[in-house]
Amino acid sequence: MRAWVRLAVRLYPPAWRTRYGEEFEALLEDRVRSWEDVADIALGGICMRIRYTSVPAMAALLGVSAAVAAGAAAAQQPDRFEWTALLEVHADEASDDAREHPQLLLDTLRSGLSAGSLTPLVVRYGLHGSPGIPQVSEELLRQVRGHVRVQPVLSEGVFRISLVDTDAQSGRRITEHLTRELTRATQALPVRLHAGQGASVEGRHQNANRVSTAGALGLGGGALVGVLFGFARRRLRRTWPEPSSTSNG
Amino acid sequence: VADPTLLVLASLADGDKHGYAMTADIEAFAGLRLGPGTLYGAITRLEEKGWIRPVDSEDRRRPYRLTADGRRQLQDQVDSLNHVVRTAMRRLKNA
């Protein structure tokens, strides 16, 4: 137990030990009887360490700690890649339906994301996790739909298909597949989607800077908490009001 | 009453004491056993506020003394506690 007591005493800041160390150790020689006392010494050391830490040092300590924790947590997150393809809209001008082509195309895209259309894609790319057992649940299809976004960009006359995936290569393949399927699905319509010159699939590492971003946010947040804690600590020290001058001494 | 700073002030009210004597005294009059870390946390805070001060000693066990400010502070706290106790007693009797 003596060794643990010595270890607990080391938790006290050097400035405090310079002032109180000798008398404190004299007390410990007489006084320590249980593990409860050891825990009390350690807790007192932590409190005193906080008490003797200046506001800038507290801000730096919490900032660096939060930055390391946030960076480590961000590093555990998987990479996310966003793949984007642009499909050009072509319409038969002679057709009356062409005037309604945004709605017509949206209906076509909705059917392109239906269970019947997505199931072969899920099976083909093994998205269900068991390549040998092609069971595609409605839940899985819902997840796939959640990762795919199809947006009309009317000002440019194109549809943008984007997909976010943690696997760079499968994301590219799925986006290419969807692009082909949607092009094929609209071939017989008066308005068609066409993978033209600008329709190549482009990839982007969506969260490449996640560690540095999380670290910077952690540093700033931790430093702010440290400053606020430092000022709050000064106020909390005044647990009692100052002595009144009218009281008898 | 479990505030260690109040207990230390009360213990020093009848004379100088070092840490070990304070814990023994507090245990005797309040039935509470302050751990070494808790005791010296209270001593540190009280000395910072100027309510107690160390007394020169040859011994490694340094005694502490209540200052005039500390005595006034203790008096204020005791008056406040007395008021609470009297109120509680009166209400218990009337209940």
# chains A, B, ... in the order shown; residues from 1 in each chain; ligands from 1
>>> interface_residues(of="chain B", to="chain A", cutoff="6 Å", atoms="only C-alpha atoms", output="ChimeraX atom specification")
/B:20,35,37,60-62,72-73
>>> atom_distance(atom1="atom CA of Val55 of chain B", atom2="atom CA of Thr5 of chain B")
18.2 Å
>>> select_by_dssp(residues="chain B", states="helix (DSSP H, G or I)", output="short mmCIF file (atom, residue, chain, number, x, y, z; two decimals) with N, CA, C and O atoms, in the first residue's frame")
data_model
loop_
_atom_site.label_atom_id
_atom_site.label_comp_id
_atom_site.auth_asym_id
_atom_site.auth_seq_id
_atom_site.Cartn_x
_atom_site.Cartn_y
_atom_site.Cartn_z
N PRO B 4 -15.80 20.08 4.53
CA PRO B 4 -14.50 19.94 5.22
C PRO B 4 -13.91 21.26 5.67
O PRO B 4 -13.27 21.34 6.73
N THR B 5 -14.15 22.34 4.90
CA THR B 5 -13.57 23.63 5.30
C THR B 5 -14.21 24.14 6.60
O THR B 5 -13.51 24.67 7.47
N LEU B 6 -15.52 23.95 6.73
CA LEU B 6 -16.19 24.36 7.97
C LEU B 6 -15.70 23.52 9.15
O LEU B 6 -15.46 24.04 10.25
N LEU B 7 -15.53 22.22 8.90
CA LEU B 7 -15.06 21.34 9.98
C LEU B 7 -13.65 21.72 10.43
O LEU B 7 -13.34 21.71 11.63
N VAL B 8 -12.78 22.09 9.47
CA VAL B 8 -11.41 22.49 9.84
C VAL B 8 -11.44 23.79 10.64
O VAL B 8 -10.76 23.93 11.67
N LEU B 9 -12.26 24.75 10.20
CA LEU B 9 -12.38 26.02 10.95
C LEU B 9 -12.87 25.74 12.37
O LEU B 9 -12.34 26.30 13.35
N ALA B 10 -13.87 24.87 12.48
CA ALA B 10 -14.42 24.55 13.81
C ALA B 10 -13.36 23.87 14.67
O ALA B 10 -13.26 24.13 15.88
N SER B 11 -12.57 23.03 14.05
CA SER B 11 -11.54 22.32 14.82
C SER B 11 -10.46 23.28 15.34
O SER B 11 -9.96 23.12 16.45
N LEU B 12 -10.15 24.30 14.54
CA LEU B 12 -9.09 25.25 14.94
C LEU B 12 -9.62 26.34 15.86
O LEU B 12 -8.83 27.16 16.36
N GLY B 19 -2.33 18.54 11.11
CA GLY B 19 -3.27 17.72 10.34
C GLY B 19 -3.82 16.53 11.09
O GLY B 19 -5.03 16.29 11.11
N TYR B 20 -2.92 15.76 11.72
CA TYR B 20 -3.36 14.54 12.41
C TYR B 20 -4.31 14.88 13.56
O TYR B 20 -5.34 14.23 13.76
N ALA B 21 -3.95 15.95 14.32
CA ALA B 21 -4.80 16.35 15.45
C ALA B 21 -6.16 16.83 14.95
O ALA B 21 -7.20 16.57 15.59
N MET B 22 -6.17 17.51 13.80
CA MET B 22 -7.45 17.98 13.25
C MET B 22 -8.36 16.81 12.90
O MET B 22 -9.55 16.81 13.23
N THR B 23 -7.80 15.79 12.22
CA THR B 23 -8.65 14.66 11.82
C THR B 23 -9.20 13.94 13.05
O THR B 23 -10.37 13.53 13.06
N ALA B 24 -8.35 13.78 14.08
CA ALA B 24 -8.81 13.11 15.30
C ALA B 24 -9.90 13.93 15.97
O ALA B 24 -10.93 13.38 16.43
N ASP B 25 -9.71 15.25 16.03
CA ASP B 25 -10.69 16.14 16.66
C ASP B 25 -12.02 16.10 15.90
O ASP B 25 -13.10 15.98 16.50
N ILE B 26 -11.94 16.21 14.57
CA ILE B 26 -13.17 16.22 13.74
C ILE B 26 -13.91 14.89 13.89
O ILE B 26 -15.14 14.87 13.98
N GLU B 27 -13.16 13.82 13.94
CA GLU B 27 -13.79 12.51 14.11
C GLU B 27 -14.52 12.45 15.46
O GLU B 27 -15.61 11.88 15.57
N ALA B 28 -13.92 13.10 16.47
CA ALA B 28 -14.52 13.06 17.81
C ALA B 28 -15.77 13.92 17.90
O ALA B 28 -16.79 13.48 18.45
N PHE B 29 -15.73 15.16 17.34
CA PHE B 29 -16.90 16.05 17.55
C PHE B 29 -17.95 15.95 16.44
O PHE B 29 -19.10 16.30 16.66
N ALA B 30 -17.56 15.47 15.23
CA ALA B 30 -18.54 15.41 14.14
C ALA B 30 -18.83 13.98 13.69
O ALA B 30 -19.78 13.76 12.92
N PRO B 36 -6.90 12.02 4.04
CA PRO B 36 -5.78 12.98 3.96
C PRO B 36 -5.91 13.96 2.80
O PRO B 36 -5.61 15.15 2.94
N GLY B 37 -6.37 13.46 1.65
CA GLY B 37 -6.53 14.34 0.48
C GLY B 37 -7.61 15.38 0.70
O GLY B 37 -7.45 16.55 0.33
N THR B 38 -8.71 14.95 1.32
CA THR B 38 -9.81 15.89 1.61
C THR B 38 -9.36 16.95 2.61
O THR B 38 -9.63 18.14 2.44
N LEU B 39 -8.64 16.51 3.66
CA LEU B 39 -8.19 17.44 4.69
C LEU B 39 -7.25 18.50 4.09
O LEU B 39 -7.44 19.70 4.32
N TYR B 40 -6.26 18.04 3.33
CA TYR B 40 -5.30 19.01 2.80
C TYR B 40 -5.88 19.85 1.67
O TYR B 40 -5.40 20.96 1.41
N GLY B 41 -6.92 19.34 0.99
CA GLY B 41 -7.64 20.17 0.03
C GLY B 41 -8.29 21.34 0.75
O GLY B 41 -8.22 22.49 0.30
N ALA B 42 -8.92 21.04 1.89
CA ALA B 42 -9.57 22.10 2.69
C ALA B 42 -8.53 23.07 3.24
O ALA B 42 -8.73 24.30 3.20
N ILE B 43 -7.42 22.54 3.75
CA ILE B 43 -6.37 23.42 4.30
C ILE B 43 -5.83 24.36 3.21
O ILE B 43 -5.64 25.56 3.44
N THR B 44 -5.61 23.81 2.02
CA THR B 44 -5.11 24.64 0.91
C THR B 44 -6.07 25.77 0.59
O THR B 44 -5.67 26.94 0.45
N ARG B 45 -7.36 25.44 0.50
CA ARG B 45 -8.35 26.47 0.16
C ARG B 45 -8.45 27.52 1.27
O ARG B 45 -8.53 28.72 0.99
N LEU B 46 -8.45 27.07 2.50
CA LEU B 46 -8.59 28.01 3.62
C LEU B 46 -7.38 28.93 3.73
O LEU B 46 -7.52 30.12 4.05
N GLU B 47 -6.19 28.39 3.47
CA GLU B 47 -5.00 29.24 3.54
C GLU B 47 -5.00 30.26 2.39
O GLU B 47 -4.63 31.42 2.58
N GLU B 48 -5.45 29.83 1.21
CA GLU B 48 -5.55 30.76 0.07
C GLU B 48 -6.49 31.91 0.39
O GLU B 48 -6.25 33.05 0.00
N LYS B 49 -7.58 31.61 1.09
CA LYS B 49 -8.56 32.65 1.45
C LYS B 49 -8.09 33.50 2.63
O LYS B 49 -8.70 34.52 2.93
N ALA B 68 -8.16 36.11 12.14
CA ALA B 68 -9.34 36.91 12.54
C ALA B 68 -10.43 36.80 11.48
O ALA B 68 -11.63 36.65 11.80
N ASP B 69 -10.04 36.83 10.21
CA ASP B 69 -11.03 36.66 9.12
C ASP B 69 -11.68 35.28 9.20
O ASP B 69 -12.89 35.15 9.00
N GLY B 70 -10.86 34.28 9.48
CA GLY B 70 -11.39 32.92 9.59
C GLY B 70 -12.36 32.80 10.73
O GLY B 70 -13.39 32.11 10.61
N ARG B 71 -12.05 33.45 11.84
CA ARG B 71 -12.96 33.41 13.00
C ARG B 71 -14.30 34.07 12.65
O ARG B 71 -15.37 33.55 12.99
N ARG B 72 -14.23 35.22 11.97
CA ARG B 72 -15.48 35.89 11.56
C ARG B 72 -16.28 35.00 10.61
O ARG B 72 -17.50 34.90 10.71
N GLN B 73 -15.56 34.37 9.70
CA GLN B 73 -16.23 33.49 8.74
C GLN B 73 -16.92 32.33 9.44
O GLN B 73 -18.07 31.99 9.15
N LEU B 74 -16.22 31.75 10.41
CA LEU B 74 -16.80 30.64 11.17
C LEU B 74 -18.03 31.11 11.94
O LEU B 74 -19.06 30.43 11.97
N GLN B 75 -17.92 32.30 12.54
CA GLN B 75 -19.06 32.85 13.29
C GLN B 75 -20.27 33.03 12.37
O GLN B 75 -21.40 32.66 12.71
N ASP B 76 -20.04 33.59 11.18
CA ASP B 76 -21.13 33.78 10.21
C ASP B 76 -21.79 32.45 9.86
O ASP B 76 -23.01 32.34 9.79
N GLN B 77 -20.95 31.46 9.61
CA GLN B 77 -21.48 30.16 9.22
C GLN B 77 -22.27 29.51 10.36
O GLN B 77 -23.33 28.93 10.14
N VAL B 78 -21.74 29.65 11.57
CA VAL B 78 -22.43 29.06 12.73
C VAL B 78 -23.76 29.77 12.94
O VAL B 78 -24.79 29.12 13.21
N ASP B 79 -23.78 31.11 12.82
CA ASP B 79 -25.04 31.85 12.97
C ASP B 79 -26.06 31.38 11.94
O ASP B 79 -27.24 31.19 12.24
N SER B 80 -25.59 31.20 10.72
CA SER B 80 -26.48 30.76 9.65
C SER B 80 -27.02 29.36 9.93
O SER B 80 -28.22 29.10 9.77
N LEU B 81 -26.14 28.49 10.38
CA LEU B 81 -26.57 27.12 10.71
C LEU B 81 -27.55 27.13 11.88
O LEU B 81 -28.53 26.37 11.90
N ASN B 82 -27.27 27.98 12.86
CA ASN B 82 -28.16 28.09 14.02
C ASN B 82 -29.57 28.48 13.59
O ASN B 82 -30.56 27.94 14.09
N HIS B 83 -29.63 29.44 12.66
CA HIS B 83 -30.92 29.89 12.16
C HIS B 83 -31.67 28.73 11.50
O HIS B 83 -32.87 28.54 11.74
N VAL B 84 -30.95 27.96 10.70
CA VAL B 84 -31.57 26.82 10.02
C VAL B 84 -32.06 25.80 11.05
O VAL B 84 -33.18 25.28 10.96
N VAL B 85 -31.22 25.53 12.06
CA VAL B 85 -31.58 24.53 13.06
C VAL B 85 -32.81 24.98 13.85
O VAL B 85 -33.75 24.20 14.08
N ARG B 86 -32.82 26.27 14.26
CA ARG B 86 -33.95 26.77 15.05
C ARG B 86 -35.25 26.70 14.22
O ARG B 86 -36.30 26.31 14.73
N THR B 87 -35.15 27.07 12.95
CA THR B 87 -36.33 27.02 12.08
C THR B 87 -36.83 25.58 11.95
O THR B 87 -38.04 25.31 12.07
N ALA B 88 -35.92 24.68 11.71
CA ALA B 88 -36.30 23.27 11.53
C ALA B 88 -36.93 22.72 12.81
O ALA B 88 -37.95 22.01 12.76
N MET B 89 -36.34 23.07 13.97
CA MET B 89 -36.87 22.58 15.26
C MET B 89 -38.29 23.10 15.48
O MET B 89 -39.20 22.36 15.88
N ARG B 90 -38.48 24.40 15.19
CA ARG B 90 -39.80 25.01 15.40
C ARG B 90 -40.84 24.32 14.49
O ARG B 90 -41.94 24.00 14.92
N ARG B 91 -40.46 24.08 13.27
CA ARG B 91 -41.42 23.47 12.33
C ARG B 91 -41.72 22.02 12.71
O ARG B 91 -42.83 21.56 12.55
N LEU B 92 -40.71 21.34 13.23
CA LEU B 92 -40.94 19.94 13.65
C LEU B 92 -41.90 19.90 14.83
O LEU B 92 -42.76 19.01 14.92
N LYS B 93 -41.78 20.88 15.73
CA LYS B 93 -42.66 20.90 16.89
C LYS B 93 -44.09 21.19 16.48
O LYS B 93 -45.04 20.65 17.03
N ASN B 94 -44.25 22.09 15.48
CA ASN B 94 -45.59 22.49 15.05
C ASN B 94 -46.24 21.49 14.09
O ASN B 94 -47.43 21.58 13.83
#
>>> residues_around(residues="Arg65 of chain B", least_positions_apart="2", cutoff="6 Å", atoms="only C-alpha atoms", output="list in words")
Asp16, Ile52 and Arg53 of chain B
>>> atom_distance(atom1="atom CA of Ser65 of chain A", atom2="atom CA of Arg10 of chain A")
21.0 Å
>>> closest_residue(among="A:Val158, A:Val64, A:Asp165, A:His147", to="Gly215 of chain A", atoms="only C-alpha atoms")
A:Val64
>>> atom_distance(atom1="atom CA of Val148 of chain A", atom2="atom CA of Ala75 of chain A")
24.8 Å
>>> select_by_dssp(residues="chain B", states="strand (DSSP E or B)", output="PyMOL selection string")
chain B and resi 17+52-54+64-66
>>> residues_around(residues="Leu219 of chain A", least_positions_apart="4", cutoff="12 Å", atoms="only C-alpha atoms", output="PyMOL selection string")
chain A and resi 59-71+211-215+223-226
>>> write_last_selection(atoms="all heavy atoms", output="short mmCIF file (atom, residue, chain, number, x, y, z; two decimals), in the first residue's frame")
data_model
loop_
_atom_site.label_atom_id
_atom_site.label_comp_id
_atom_site.auth_asym_id
_atom_site.auth_seq_id
_atom_site.Cartn_x
_atom_site.Cartn_y
_atom_site.Cartn_z
N ALA A 59 -6.56 25.22 -21.19
CA ALA A 59 -7.10 25.27 -22.55
C ALA A 59 -6.25 24.42 -23.49
O ALA A 59 -6.77 23.67 -24.32
CB ALA A 59 -7.16 26.72 -23.03
N ALA A 60 -4.91 24.53 -23.34
CA ALA A 60 -4.01 23.76 -24.21
C ALA A 60 -4.17 22.26 -23.94
O ALA A 60 -4.24 21.45 -24.88
CB ALA A 60 -2.57 24.20 -23.97
N LEU A 61 -4.23 21.90 -22.66
CA LEU A 61 -4.34 20.47 -22.29
C LEU A 61 -5.63 19.86 -22.84
O LEU A 61 -5.62 18.80 -23.48
CB LEU A 61 -4.31 20.35 -20.76
CG LEU A 61 -4.33 18.95 -20.18
CD1 LEU A 61 -3.02 18.25 -20.48
CD2 LEU A 61 -4.55 18.99 -18.67
N LEU A 62 -6.76 20.55 -22.59
CA LEU A 62 -8.05 20.01 -23.06
C LEU A 62 -8.12 20.05 -24.58
O LEU A 62 -8.68 19.14 -25.20
CB LEU A 62 -9.21 20.80 -22.45
CG LEU A 62 -9.47 20.54 -20.97
CD1 LEU A 62 -10.71 21.31 -20.50
CD2 LEU A 62 -9.69 19.06 -20.70
N GLY A 63 -7.55 21.11 -25.18
CA GLY A 63 -7.58 21.22 -26.64
C GLY A 63 -6.82 20.08 -27.30
O GLY A 63 -7.33 19.42 -28.21
N VAL A 64 -5.61 19.81 -26.82
CA VAL A 64 -4.80 18.73 -27.41
C VAL A 64 -5.46 17.37 -27.15
O VAL A 64 -5.55 16.53 -28.05
CB VAL A 64 -3.36 18.77 -26.84
CG1 VAL A 64 -2.59 17.54 -27.26
CG2 VAL A 64 -2.65 20.03 -27.31
N SER A 65 -5.98 17.18 -25.93
CA SER A 65 -6.64 15.90 -25.61
C SER A 65 -7.84 15.68 -26.52
O SER A 65 -8.03 14.58 -27.06
CB SER A 65 -7.12 15.89 -24.16
OG SER A 65 -6.04 16.13 -23.31
N ALA A 66 -8.66 16.73 -26.67
CA ALA A 66 -9.86 16.60 -27.52
C ALA A 66 -9.46 16.38 -28.98
O ALA A 66 -10.11 15.61 -29.69
CB ALA A 66 -10.73 17.85 -27.39
N ALA A 67 -8.39 17.05 -29.42
CA ALA A 67 -7.95 16.89 -30.82
C ALA A 67 -7.51 15.45 -31.07
O ALA A 67 -7.85 14.85 -32.09
CB ALA A 67 -6.81 17.87 -31.12
N VAL A 68 -6.75 14.89 -30.14
CA VAL A 68 -6.28 13.51 -30.30
C VAL A 68 -7.46 12.54 -30.29
O VAL A 68 -7.56 11.64 -31.14
CB VAL A 68 -5.27 13.15 -29.17
CG1 VAL A 68 -4.96 11.67 -29.18
CG2 VAL A 68 -3.99 13.97 -29.33
N ALA A 69 -8.40 12.75 -29.34
CA ALA A 69 -9.56 11.85 -29.25
C ALA A 69 -10.42 11.95 -30.51
O ALA A 69 -10.84 10.93 -31.06
CB ALA A 69 -10.39 12.19 -28.01
N ALA A 70 -10.67 13.18 -30.96
CA ALA A 70 -11.53 13.36 -32.15
C ALA A 70 -10.84 12.79 -33.39
O ALA A 70 -11.48 12.16 -34.23
CB ALA A 70 -11.84 14.85 -32.34
N GLY A 71 -9.53 13.03 -33.51
CA GLY A 71 -8.78 12.50 -34.66
C GLY A 71 -8.79 10.98 -34.67
O GLY A 71 -8.98 10.36 -35.73
N VAL A 211 -9.72 13.24 -40.58
CA VAL A 211 -8.89 13.22 -39.36
C VAL A 211 -8.44 14.64 -39.02
O VAL A 211 -8.56 15.09 -37.87
CB VAL A 211 -7.68 12.28 -39.53
CG1 VAL A 211 -6.75 12.40 -38.33
CG2 VAL A 211 -8.15 10.84 -39.69
N SER A 212 -7.94 15.36 -40.02
CA SER A 212 -7.46 16.72 -39.73
C SER A 212 -8.63 17.64 -39.37
O SER A 212 -8.51 18.50 -38.48
CB SER A 212 -6.69 17.29 -40.92
OG SER A 212 -7.46 17.22 -42.08
N THR A 213 -9.80 17.45 -40.03
CA THR A 213 -10.96 18.30 -39.71
C THR A 213 -11.43 18.03 -38.28
O THR A 213 -11.67 18.97 -37.51
CB THR A 213 -12.11 18.01 -40.71
OG1 THR A 213 -11.61 18.21 -42.02
CG2 THR A 213 -13.29 18.92 -40.45
N ALA A 214 -11.56 16.74 -37.95
CA ALA A 214 -12.01 16.40 -36.59
C ALA A 214 -11.00 16.87 -35.55
O ALA A 214 -11.36 17.37 -34.49
CB ALA A 214 -12.23 14.89 -36.47
N GLY A 215 -9.71 16.74 -35.88
CA GLY A 215 -8.66 17.18 -34.95
C GLY A 215 -8.75 18.69 -34.71
O GLY A 215 -8.64 19.15 -33.58
N ALA A 223 -10.16 23.64 -26.40
CA ALA A 223 -9.57 24.88 -25.86
C ALA A 223 -10.66 25.79 -25.30
O ALA A 223 -10.49 26.39 -24.24
CB ALA A 223 -8.79 25.60 -26.97
N LEU A 224 -11.78 25.86 -26.01
CA LEU A 224 -12.89 26.71 -25.55
C LEU A 224 -13.42 26.19 -24.21
O LEU A 224 -13.65 26.97 -23.27
CB LEU A 224 -14.00 26.72 -26.60
CG LEU A 224 -15.21 27.59 -26.28
CD1 LEU A 224 -14.81 29.05 -26.20
CD2 LEU A 224 -16.30 27.39 -27.32
N VAL A 225 -13.61 24.88 -24.13
CA VAL A 225 -14.09 24.28 -22.87
C VAL A 225 -13.08 24.55 -21.75
O VAL A 225 -13.45 24.86 -20.62
CB VAL A 225 -14.33 22.76 -23.04
CG1 VAL A 225 -14.57 22.08 -21.69
CG2 VAL A 225 -15.51 22.51 -23.96
N GLY A 226 -11.78 24.46 -22.08
CA GLY A 226 -10.74 24.72 -21.09
C GLY A 226 -10.80 26.14 -20.55
O GLY A 226 -10.68 26.36 -19.34
#
